[in-house]
>>> print(open('input-v9.cif').read())   # mmCIF, C-alpha atoms
data_target
#
loop_
_atom_site.label_atom_id
_atom_site.label_comp_id
_atom_site.auth_asym_id
_atom_site.auth_seq_id
_atom_site.Cartn_x
_atom_site.Cartn_y
_atom_site.Cartn_z
CA MET A 591 -9.66 14.26 14.13
CA SER A 592 -8.64 10.85 12.81
CA THR A 593 -9.40 7.44 14.16
CA PRO A 594 -6.73 6.03 16.54
CA GLY A 595 -5.11 2.90 15.18
CA THR A 596 -5.33 3.84 11.52
CA PHE A 597 -2.43 2.59 9.42
CA PHE A 598 -1.29 2.78 5.82
CA VAL A 599 0.53 0.34 3.51
CA VAL A 600 2.59 2.07 0.83
CA GLY A 601 5.50 1.41 -1.52
CA CYS A 602 6.48 1.37 -5.14
CA PRO A 603 3.77 -0.47 -7.11
CA ARG A 604 4.68 -4.17 -7.55
CA SER A 605 6.77 -4.17 -4.34
CA GLY A 606 4.61 -6.60 -2.35
CA THR A 607 2.10 -4.18 -0.84
CA THR A 608 -0.78 -6.47 -1.78
CA LEU A 609 0.82 -9.51 -0.15
CA LEU A 610 1.45 -7.64 3.10
CA SER A 611 -2.05 -6.16 3.05
CA VAL A 612 -3.67 -9.57 2.62
CA LEU A 613 -1.61 -10.98 5.51
CA LEU A 614 -2.61 -8.06 7.75
CA ASP A 615 -6.22 -8.27 6.60
CA ARG A 616 -6.45 -11.86 7.86
CA HIS A 617 -5.67 -10.72 11.43
CA SER A 618 -8.68 -10.99 13.73
CA ARG A 619 -8.52 -7.29 14.65
CA LEU A 620 -7.28 -5.72 11.41
CA CYS A 621 -8.71 -5.10 7.99
CA VAL A 622 -7.14 -3.43 4.98
CA THR A 623 -9.02 -1.78 2.14
CA PRO A 624 -8.48 -2.38 -1.53
CA GLU A 625 -6.63 0.53 -3.12
CA THR A 626 -8.51 3.82 -2.75
CA ALA A 627 -6.06 6.29 -4.37
CA PHE A 628 -7.80 8.74 -2.02
CA PHE A 629 -5.02 11.32 -1.86
CA ASP A 630 -4.81 11.47 -5.65
CA GLU A 631 -8.49 11.25 -6.58
CA ILE A 632 -10.52 12.82 -3.76
CA ALA A 633 -8.26 14.86 -1.48
CA PRO A 634 -7.43 17.48 -4.17
CA LEU A 635 -11.15 18.09 -4.73
CA LEU A 636 -11.72 18.90 -1.08
CA ALA A 637 -9.58 22.03 -1.41
CA SER A 638 -10.76 23.17 -4.83
CA LEU A 639 -14.53 22.63 -4.88
CA GLN A 640 -17.48 24.05 -2.99
CA GLU A 641 -19.04 21.73 -0.40
CA SER A 642 -22.02 20.80 -2.59
CA ALA A 643 -19.69 19.88 -5.46
CA VAL A 644 -17.49 17.84 -3.12
CA ARG A 645 -20.50 15.87 -1.96
CA GLN A 646 -21.41 15.18 -5.58
CA ALA A 647 -17.83 14.08 -6.29
CA ILE A 648 -17.90 11.66 -3.37
CA SER A 649 -21.22 10.32 -4.61
CA ARG A 650 -19.74 9.65 -8.06
CA TRP A 651 -16.44 8.22 -6.82
CA ARG A 652 -16.06 4.72 -8.30
CA ARG A 653 -13.97 3.41 -5.40
CA LEU A 654 -16.77 3.56 -2.82
CA PRO A 655 -18.78 0.75 -4.41
CA GLU A 656 -15.57 -1.30 -4.53
CA LEU A 657 -15.39 -0.86 -0.75
CA LYS A 658 -19.07 -1.89 -0.59
CA LEU A 659 -19.91 1.49 0.88
CA GLY A 660 -22.46 4.05 -0.21
CA PRO A 661 -21.94 7.82 -0.37
CA ASP A 662 -24.94 8.48 1.85
CA ALA A 663 -23.42 6.43 4.67
CA VAL A 664 -20.12 8.32 4.38
CA LEU A 665 -21.78 11.73 4.32
CA GLN A 666 -24.05 10.76 7.22
CA ARG A 667 -21.02 9.64 9.26
CA LEU A 668 -19.36 12.97 8.53
CA GLY A 669 -22.41 14.92 9.63
CA ARG A 670 -21.56 18.60 9.84
CA GLN A 671 -17.82 18.05 10.12
CA PRO A 672 -15.65 20.01 7.67
CA LEU A 673 -15.01 18.10 4.47
CA VAL A 674 -11.24 17.91 4.96
CA PRO A 675 -9.28 14.88 3.70
CA GLY A 676 -8.52 13.37 7.11
CA GLU A 677 -12.13 13.48 8.24
CA VAL A 678 -13.51 12.09 4.99
CA LEU A 679 -11.04 9.20 4.81
CA ALA A 680 -11.45 8.48 8.54
CA ALA A 681 -15.21 8.16 8.02
CA ILE A 682 -14.65 5.76 5.12
CA LEU A 683 -12.18 3.63 7.08
CA ASP A 684 -14.43 3.55 10.15
CA LEU A 685 -17.36 2.34 8.07
CA TYR A 686 -15.20 -0.24 6.30
CA ALA A 687 -13.92 -1.63 9.62
CA GLU A 688 -17.47 -1.89 10.94
CA ALA A 689 -18.61 -3.71 7.80
CA GLN A 690 -15.68 -6.13 8.11
CA GLY A 691 -16.31 -6.67 11.83
CA LYS A 692 -12.77 -5.54 12.69
CA ALA A 693 -11.45 -3.19 15.37
CA ARG A 694 -9.00 -1.31 13.14
CA CYS A 695 -8.71 -0.41 9.47
CA GLY A 696 -5.69 0.18 7.29
CA GLU A 697 -5.57 1.77 3.86
CA LYS A 698 -3.44 0.32 1.08
CA THR A 699 -2.47 2.40 -1.93
CA PRO A 700 1.18 2.01 -3.03
CA GLN A 701 1.54 5.50 -4.50
CA HIS A 702 0.39 7.07 -1.24
CA LEU A 703 4.10 6.84 -0.45
CA PHE A 704 4.29 10.20 -2.23
CA HIS A 705 1.78 11.65 0.26
CA VAL A 706 3.27 10.39 3.53
CA PRO A 707 3.90 13.85 5.08
CA THR A 708 0.31 14.88 4.28
CA ILE A 709 -1.05 11.61 5.60
CA LEU A 710 0.77 11.97 8.91
CA LEU A 711 -0.41 15.56 9.20
CA GLN A 712 -4.00 14.44 8.69
CA PHE A 713 -3.55 11.25 10.77
CA PRO A 714 -1.00 12.23 13.44
CA GLN A 715 -1.25 8.90 15.28
CA ALA A 716 -1.03 6.71 12.19
CA LYS A 717 1.64 4.17 11.35
CA VAL A 718 2.93 3.68 7.79
CA VAL A 719 4.41 0.40 6.58
CA CYS A 720 6.40 0.69 3.37
CA MET A 721 7.23 -2.36 1.28
CA MET A 722 10.63 -2.43 -0.42
CA ARG A 723 11.54 -4.84 -3.22
CA ASP A 724 14.75 -5.33 -5.16
CA GLY A 725 14.61 -2.48 -7.68
CA ARG A 726 15.52 -4.73 -10.59
CA GLU A 727 12.64 -7.12 -9.91
CA ASN A 728 10.33 -4.21 -9.14
CA ALA A 729 11.13 -2.36 -12.36
CA LEU A 730 10.82 -5.49 -14.49
CA SER A 731 7.46 -6.32 -12.96
CA LEU A 732 6.13 -2.76 -13.09
CA SER A 733 7.06 -2.27 -16.74
CA ALA A 734 5.08 -5.40 -17.64
CA MET A 735 1.82 -4.12 -16.11
CA PRO A 736 -0.89 -3.05 -18.60
CA TRP A 737 -1.83 -0.10 -16.36
CA PHE A 738 1.69 1.32 -16.00
CA SER A 739 1.78 4.47 -18.12
CA GLY A 740 5.54 4.43 -18.78
CA ARG A 741 5.58 0.85 -20.12
CA THR A 742 9.41 0.81 -20.34
CA ILE A 743 12.15 -0.55 -18.11
CA GLU A 744 13.67 2.95 -17.94
CA ALA A 745 10.43 4.57 -16.74
CA ALA A 746 9.87 1.84 -14.16
CA ALA A 747 13.45 2.13 -12.90
CA HIS A 748 13.09 5.90 -12.48
CA TYR A 749 9.85 5.35 -10.55
CA TRP A 750 11.47 2.82 -8.20
CA LYS A 751 14.51 5.03 -7.62
CA THR A 752 12.28 7.96 -6.66
CA ALA A 753 10.22 5.75 -4.36
CA ALA A 754 13.33 4.26 -2.73
CA ARG A 755 14.77 7.69 -2.02
CA LEU A 756 11.48 8.84 -0.50
CA ALA A 757 11.31 5.75 1.70
CA GLU A 758 14.83 6.37 2.96
CA ARG A 759 13.99 10.01 3.71
CA PHE A 760 10.78 9.20 5.54
CA THR A 761 12.58 6.62 7.69
CA ARG A 762 14.73 9.45 9.00
CA GLN A 763 11.95 12.03 9.11
CA PHE A 764 9.32 9.86 10.85
CA PRO A 765 11.29 7.14 12.71
CA ALA A 766 8.47 6.21 15.10
CA GLN A 767 5.76 6.06 12.44
CA PHE A 768 7.37 4.84 9.23
CA GLN A 769 8.69 1.30 8.86
CA ILE A 770 10.29 -0.36 5.83
CA LEU A 771 9.89 -4.10 5.20
CA ARG A 772 11.75 -5.87 2.42
CA TYR A 773 9.63 -8.15 0.26
CA GLU A 774 12.44 -10.68 0.03
CA ASP A 775 12.67 -10.90 3.83
CA LEU A 776 8.92 -11.40 4.12
CA VAL A 777 9.09 -14.31 1.66
CA ALA A 778 12.21 -15.86 3.23
CA ARG A 779 11.22 -15.42 6.90
CA PRO A 780 7.47 -14.83 6.80
CA GLU A 781 6.59 -15.35 10.45
CA GLU A 782 9.47 -13.25 11.76
CA VAL A 783 8.87 -10.34 9.38
CA LEU A 784 5.09 -10.37 9.66
CA SER A 785 5.44 -10.45 13.45
CA THR A 786 7.62 -7.35 13.20
CA ALA A 787 5.01 -5.55 11.11
CA THR A 788 2.13 -6.60 13.34
CA GLU A 789 4.02 -5.52 16.47
CA PHE A 790 4.81 -2.16 14.83
CA LEU A 791 1.05 -1.70 14.46
CA GLY A 792 0.52 -2.53 18.13
CA GLU A 793 -0.96 -6.00 17.62
CA ILE A 794 0.14 -9.58 18.26
CA PHE A 795 0.96 -11.88 15.34
CA GLU A 796 -1.60 -14.62 14.70
CA PRO A 797 -0.76 -17.84 12.80
CA ARG A 798 -4.11 -17.49 10.98
CA GLN A 799 -2.56 -14.63 8.99
CA PHE A 800 -0.91 -17.25 6.77
CA GLU A 801 -4.07 -19.29 6.24
CA ALA A 802 -4.98 -18.94 2.57
CA ALA A 803 -8.43 -20.34 3.33
CA ILE A 804 -9.31 -17.11 5.15
CA SER A 805 -10.85 -14.81 2.57
CA SER A 806 -9.64 -11.26 1.98
CA ASP A 807 -11.27 -8.41 0.09
CA VAL A 808 -7.97 -6.60 -0.49
CA VAL A 809 -7.78 -7.95 -4.05
CA LEU A 810 -10.62 -6.75 -6.25
CA PRO A 811 -11.99 -8.94 -9.07
CA ARG A 812 -10.80 -6.44 -11.69
CA SER A 813 -7.19 -6.73 -10.51
CA MET A 814 -7.13 -10.46 -9.85
CA GLU A 815 -4.93 -11.08 -12.92
CA TRP A 816 -1.89 -9.28 -11.45
CA LYS A 817 -2.69 -9.37 -7.72
CA GLY A 818 -4.40 -12.72 -7.22
CA LYS A 819 -1.16 -14.49 -6.33
CA ALA A 820 -1.13 -12.56 -3.03
CA LEU A 821 -4.12 -14.61 -1.92
CA GLN A 822 -2.20 -17.87 -2.32
CA PRO A 823 0.41 -19.39 0.00
CA ILE A 824 3.73 -17.54 -0.16
CA ASP A 825 5.85 -18.68 -3.12
CA HIS A 826 9.54 -18.73 -2.20
CA ASP A 827 10.58 -19.21 -5.84
CA HIS A 828 8.91 -15.99 -6.97
CA VAL A 829 11.57 -13.65 -5.55
CA LEU A 830 13.93 -13.54 -8.58
CA LYS A 831 11.52 -14.75 -11.24
CA ARG A 832 11.61 -11.56 -13.32
CA SER A 833 15.40 -11.21 -13.21
CA ARG A 834 15.90 -14.80 -14.35
CA ALA A 835 13.80 -14.10 -17.43
CA ALA A 836 15.32 -10.68 -18.19
CA SER A 837 17.95 -10.03 -20.84
CA VAL A 838 21.60 -9.40 -20.01
CA ALA A 839 21.23 -5.84 -21.28
CA GLU A 840 18.24 -5.15 -19.03
CA ILE A 841 19.99 -6.41 -15.91
CA ALA A 842 23.15 -4.48 -16.78
CA TYR A 843 21.17 -1.26 -17.18
CA LEU A 844 19.28 -1.78 -13.90
CA ASN A 845 22.46 -2.65 -11.99
CA HIS A 846 24.10 0.55 -13.23
CA PHE A 847 21.16 2.94 -12.86
CA LEU A 848 19.93 1.68 -9.48
CA ARG A 849 23.33 0.82 -7.98
CA ASP A 850 23.37 3.32 -5.09
CA GLU A 851 19.80 2.67 -3.97
CA LEU A 852 20.18 -1.11 -4.26
CA ARG A 853 23.26 -1.03 -2.06
CA HIS A 854 21.57 1.26 0.47
CA PHE A 855 18.83 -1.31 0.98
CA ALA A 856 21.32 -4.20 1.11
CA TYR A 857 20.67 -5.68 -2.31
CA ALA A 858 23.70 -7.27 -3.94
CA VAL A 859 24.96 -5.58 -7.09
CA ILE A 860 27.27 -7.52 -9.41
#
>>> encode(input="input-v9.cif", output="C-alpha cells")
Amino acid sequence: MSTPGTFFVVGCPRSGTTLLSVLLDRHSRLCVTPETAFFDEIAPLLASLQESAVRQAISRWRRLPELKLGPDAVLQRLGRQPLVPGEVLAAILDLYAEAQGKARCGEKTPQHLFHVPTILLQFPQAKVVCMMRDGRENALSLSAMPWFSGRTIEAAAHYWKTAARLAERFTRQFPAQFQILRYEDLVARPEEVLSTATEFLGEIFEPRQFEAAISSDVVLPRSMEWKGKALQPIDHDHVLKRSRAASVAEIAYLNHFLRDELRHFAYAVI
C-alpha cells in the first residue's frame, strides 16, 4: 500500500520539529515536506464524501500548491486505486520526493502525533520521530504564537502535557517504529543526536545536514516569522530563552502542573 521508507516527524508544536525536519531535509537521500495537516484536513473527507466530492476536495486543498504539486498529478498517480488516506498521502509524498530529486520523503506535521496509531496502520513500515522539548519552554513558546487558539500559558501547558503522555505511550506501544528525541539534546550534541535520528531512519549521517547554505523548502514563506530560525545555524543559547524571560509566577505554575511529565523526560524541576 504505502511507499517503503516513508517517515513522519511529529511532536507538540514549538518542540523543534521544524529544526529536525530541516536537518533531515538537507540529507542527500531524504526530503521532508512542509506541514500538510493531512490527517486533520483531508483524511476525514475520504471516509465521509463520495469519490467525486473527494476529488474536488483534493483539487481545492490549499496545501498542494505549497508542496508545488497539482491535483491532477496526484489523481493521475492514484489512478484507479481506492481513495483511502494511506494511498492518497503516499502518492503525494512520492511526487514530492521525485520533484525534490530525493529517494525518500518524510512528512512533518507536529499534531500528527495525535494520529500515530492511524498513521502506522496506513503506513505499516513507517518510522515516526517525535521531538520533545522542556514543557515549560514549549508552553511559553506555544502560547506566544498568533495561530495558537488557546493563547494562554494554561492552554499551552495542557496541550504539552497531553502530547508528552501520548509520546510516552507510543514509545511503549510501537518501540521499533517510534523514537523520541529531546530538542535540548539536539542543540547540545547535534551530530550525535542527528546521527541517531538518521540511523533510526536507515540512513547514514552526512555532515552536509548542518550546512545552512543548503536550501530547504520545509519552511514556507508564510511561516518564516516563527520558523525561519530553523534554517540558520543551531543556536545553543536559545534553549532556555523563554524561561529566562518568563515571570516567577509563570514558572511556578508550569513547574507544578507539568512536574510528573517533566521528570519522566529527565527535565529538572526546582
>>> atom_distance(input="input-v9.cif", atom1="CA of Phe629 in chain A", atom2="CA of Ala647 in chain A")
13.8 Å
>>> resolve_selection(input="input-v9.cif", expression="the PyMOL selection byres ((chain A and resi 703) around 8)", output="PyMOL selection string")
chain A and resi 600-602+700-702+704-706+720+753+756-757
>>> atom_distance(input="input-v9.cif", atom1="CA of Thr626 in chain A", atom2="CA of Lys717 in chain A")
17.4 Å
>>> resolve_selection(input="input-v9.cif", expression="the PyMOL selection byres ((chain A and resi 755) around 12)", output="list in words")
Gly601, Cys602, Leu703, Phe704, Met722, Gly725, His748, Tyr749, Trp750, Lys751, Thr752, Ala753, Ala754, Leu756, Ala757, Glu758, Arg759, Phe760, Thr761, Arg762, Leu848, Asp850, Glu851, Leu852, His854 and Phe855 of chain A
>>> write_last_selection(input="input-v9.cif", atoms="C-alpha atoms", output="JSON list (two decimals), in the coordinates of the input")
[["chain", "number", "residue", "atom", "x", "y", "z"],
["A", 601, "GLY", "CA", 5.50, 1.41, -1.52],
["A", 602, "CYS", "CA", 6.48, 1.37, -5.14],
["A", 703, "LEU", "CA", 4.10, 6.84, -0.45],
["A", 704, "PHE", "CA", 4.29, 10.20, -2.23],
["A", 722, "MET", "CA", 10.63, -2.43, -0.42],
["A", 725, "GLY", "CA", 14.61, -2.48, -7.68],
["A", 748, "HIS", "CA", 13.09, 5.90, -12.48],
["A", 749, "TYR", "CA", 9.85, 5.35, -10.55],
["A", 750, "TRP", "CA", 11.47, 2.82, -8.20],
["A", 751, "LYS", "CA", 14.51, 5.03, -7.62],
["A", 752, "THR", "CA", 12.28, 7.96, -6.66],
["A", 753, "ALA", "CA", 10.22, 5.75, -4.36],
["A", 754, "ALA", "CA", 13.33, 4.26, -2.73],
["A", 756, "LEU", "CA", 11.48, 8.84, -0.50],
["A", 757, "ALA", "CA", 11.31, 5.75, 1.70],
["A", 758, "GLU", "CA", 14.83, 6.37, 2.96],
["A", 759, "ARG", "CA", 13.99, 10.01, 3.71],
["A", 760, "PHE", "CA", 10.78, 9.20, 5.54],
["A", 761, "THR", "CA", 12.58, 6.62, 7.69],
["A", 762, "ARG", "CA", 14.73, 9.45, 9.00],
["A", 848, "LEU", "CA", 19.93, 1.68, -9.48],
["A", 850, "ASP", "CA", 23.37, 3.32, -5.09],
["A", 851, "GLU", "CA", 19.80, 2.67, -3.97],
["A", 852, "LEU", "CA", 20.18, -1.11, -4.26],
["A", 854, "HIS", "CA", 21.57, 1.26, 0.47],
["A", 855, "PHE", "CA", 18.83, -1.31, 0.98]]
>>> resolve_selection(input="input-v9.cif", expression="the PyMOL selection byres ((chain A and resi 824) around 12)", output="JSON list (two decimals) with C-alpha atoms, in the frame of the given file")
[["chain", "number", "residue", "atom", "x", "y", "z"],
["A", 606, "GLY", "CA", 4.61, -6.60, -2.35],
["A", 609, "LEU", "CA", 0.82, -9.51, -0.15],
["A", 610, "LEU", "CA", 1.45, -7.64, 3.10],
["A", 612, "VAL", "CA", -3.67, -9.57, 2.62],
["A", 613, "LEU", "CA", -1.61, -10.98, 5.51],
["A", 773, "TYR", "CA", 9.63, -8.15, 0.26],
["A", 774, "GLU", "CA", 12.44, -10.68, 0.03],
["A", 775, "ASP", "CA", 12.67, -10.90, 3.83],
["A", 776, "LEU", "CA", 8.92, -11.40, 4.12],
["A", 777, "VAL", "CA", 9.09, -14.31, 1.66],
["A", 778, "ALA", "CA", 12.21, -15.86, 3.23],
["A", 779, "ARG", "CA", 11.22, -15.42, 6.90],
["A", 780, "PRO", "CA", 7.47, -14.83, 6.80],
["A", 781, "GLU", "CA", 6.59, -15.35, 10.45],
["A", 799, "GLN", "CA", -2.56, -14.63, 8.99],
["A", 800, "PHE", "CA", -0.91, -17.25, 6.77],
["A", 801, "GLU", "CA", -4.07, -19.29, 6.24],
["A", 802, "ALA", "CA", -4.98, -18.94, 2.57],
["A", 818, "GLY", "CA", -4.40, -12.72, -7.22],
["A", 819, "LYS", "CA", -1.16, -14.49, -6.33],
["A", 820, "ALA", "CA", -1.13, -12.56, -3.03],
["A", 821, "LEU", "CA", -4.12, -14.61, -1.92],
["A", 822, "GLN", "CA", -2.20, -17.87, -2.32],
["A", 823, "PRO", "CA", 0.41, -19.39, 0.00],
["A", 825, "ASP", "CA", 5.85, -18.68, -3.12],
["A", 826, "HIS", "CA", 9.54, -18.73, -2.20],
["A", 827, "ASP", "CA", 10.58, -19.21, -5.84],
["A", 828, "HIS", "CA", 8.91, -15.99, -6.97],
["A", 829, "VAL", "CA", 11.57, -13.65, -5.55]]
>>> residues_around(input="input-v9.cif", residues="range 806-810 of chain A", least_positions_apart="2", cutoff="10 Å", atoms="only C-alpha atoms", output="MDAnalysis selection string")
chainID A and resid 608:609 611:616 621:625 656:657 690 697:698 802:804 812:821
>>> residues_around(input="input-v9.cif", residues="range 651-653 of chain A", least_positions_apart="6", cutoff="12 Å", atoms="all atoms listed in the file", output="MDAnalysis selection string")
chainID A and resid 623:628 631:633 635 644:645 659:661 664 682 810
>>> residues_around(input="input-v9.cif", residues="range 691-694 of chain A", least_positions_apart="6", cutoff="12 Å", atoms="only C-alpha atoms", output="PDB file with C-alpha atoms, keeping the file's coordinate frame")
ATOM      1  CA  THR A 593      -9.400   7.440  14.160  1.00  0.00           C
ATOM      2  CA  PRO A 594      -6.730   6.030  16.540  1.00  0.00           C
ATOM      3  CA  GLY A 595      -5.110   2.900  15.180  1.00  0.00           C
ATOM      4  CA  THR A 596      -5.330   3.840  11.520  1.00  0.00           C
ATOM      5  CA  PHE A 597      -2.430   2.590   9.420  1.00  0.00           C
ATOM      6  CA  PHE A 598      -1.290   2.780   5.820  1.00  0.00           C
ATOM      7  CA  LEU A 614      -2.610  -8.060   7.750  1.00  0.00           C
ATOM      8  CA  ASP A 615      -6.220  -8.270   6.600  1.00  0.00           C
ATOM      9  CA  ARG A 616      -6.450 -11.860   7.860  1.00  0.00           C
ATOM     10  CA  HIS A 617      -5.670 -10.720  11.430  1.00  0.00           C
ATOM     11  CA  SER A 618      -8.680 -10.990  13.730  1.00  0.00           C
ATOM     12  CA  ARG A 619      -8.520  -7.290  14.650  1.00  0.00           C
ATOM     13  CA  LEU A 620      -7.280  -5.720  11.410  1.00  0.00           C
ATOM     14  CA  CYS A 621      -8.710  -5.100   7.990  1.00  0.00           C
ATOM     15  CA  VAL A 622      -7.140  -3.430   4.980  1.00  0.00           C
ATOM     16  CA  THR A 623      -9.020  -1.780   2.140  1.00  0.00           C
ATOM     17  CA  ALA A 680     -11.450   8.480   8.540  1.00  0.00           C
ATOM     18  CA  LEU A 683     -12.180   3.630   7.080  1.00  0.00           C
ATOM     19  CA  ASP A 684     -14.430   3.550  10.150  1.00  0.00           C
ATOM     20  CA  LEU A 685     -17.360   2.340   8.070  1.00  0.00           C
ATOM     21  CA  ALA A 716      -1.030   6.710  12.190  1.00  0.00           C
ATOM     22  CA  LEU A 791       1.050  -1.700  14.460  1.00  0.00           C
ATOM     23  CA  GLY A 792       0.520  -2.530  18.130  1.00  0.00           C
ATOM     24  CA  GLU A 793      -0.960  -6.000  17.620  1.00  0.00           C
TER      25      GLU A 793
END
>>> decode(input="input-v9.cif", residues="range 710-721 of chain A", atoms="C-alpha atoms", output="PDB file, in the first residue's frame")
ATOM      1  CA  LEU A 710       1.172   3.253  11.369  1.00  0.00           C
ATOM      2  CA  LEU A 711      -1.912   1.337  10.300  1.00  0.00           C
ATOM      3  CA  GLN A 712      -1.884   3.119   6.950  1.00  0.00           C
ATOM      4  CA  PHE A 713       1.935   3.050   6.676  1.00  0.00           C
ATOM      5  CA  PRO A 714       2.933  -0.198   8.424  1.00  0.00           C
ATOM      6  CA  GLN A 715       6.632   0.156   7.537  1.00  0.00           C
ATOM      7  CA  ALA A 716       6.935   3.807   8.525  1.00  0.00           C
ATOM      8  CA  LYS A 717       9.137   5.285  11.215  1.00  0.00           C
ATOM      9  CA  VAL A 718       7.968   8.173  13.422  1.00  0.00           C
ATOM     10  CA  VAL A 719      10.378  10.618  15.054  1.00  0.00           C
ATOM     11  CA  CYS A 720       8.867  12.648  17.867  1.00  0.00           C
ATOM     12  CA  MET A 721      10.517  15.811  19.128  1.00  0.00           C
TER      13      MET A 721
END
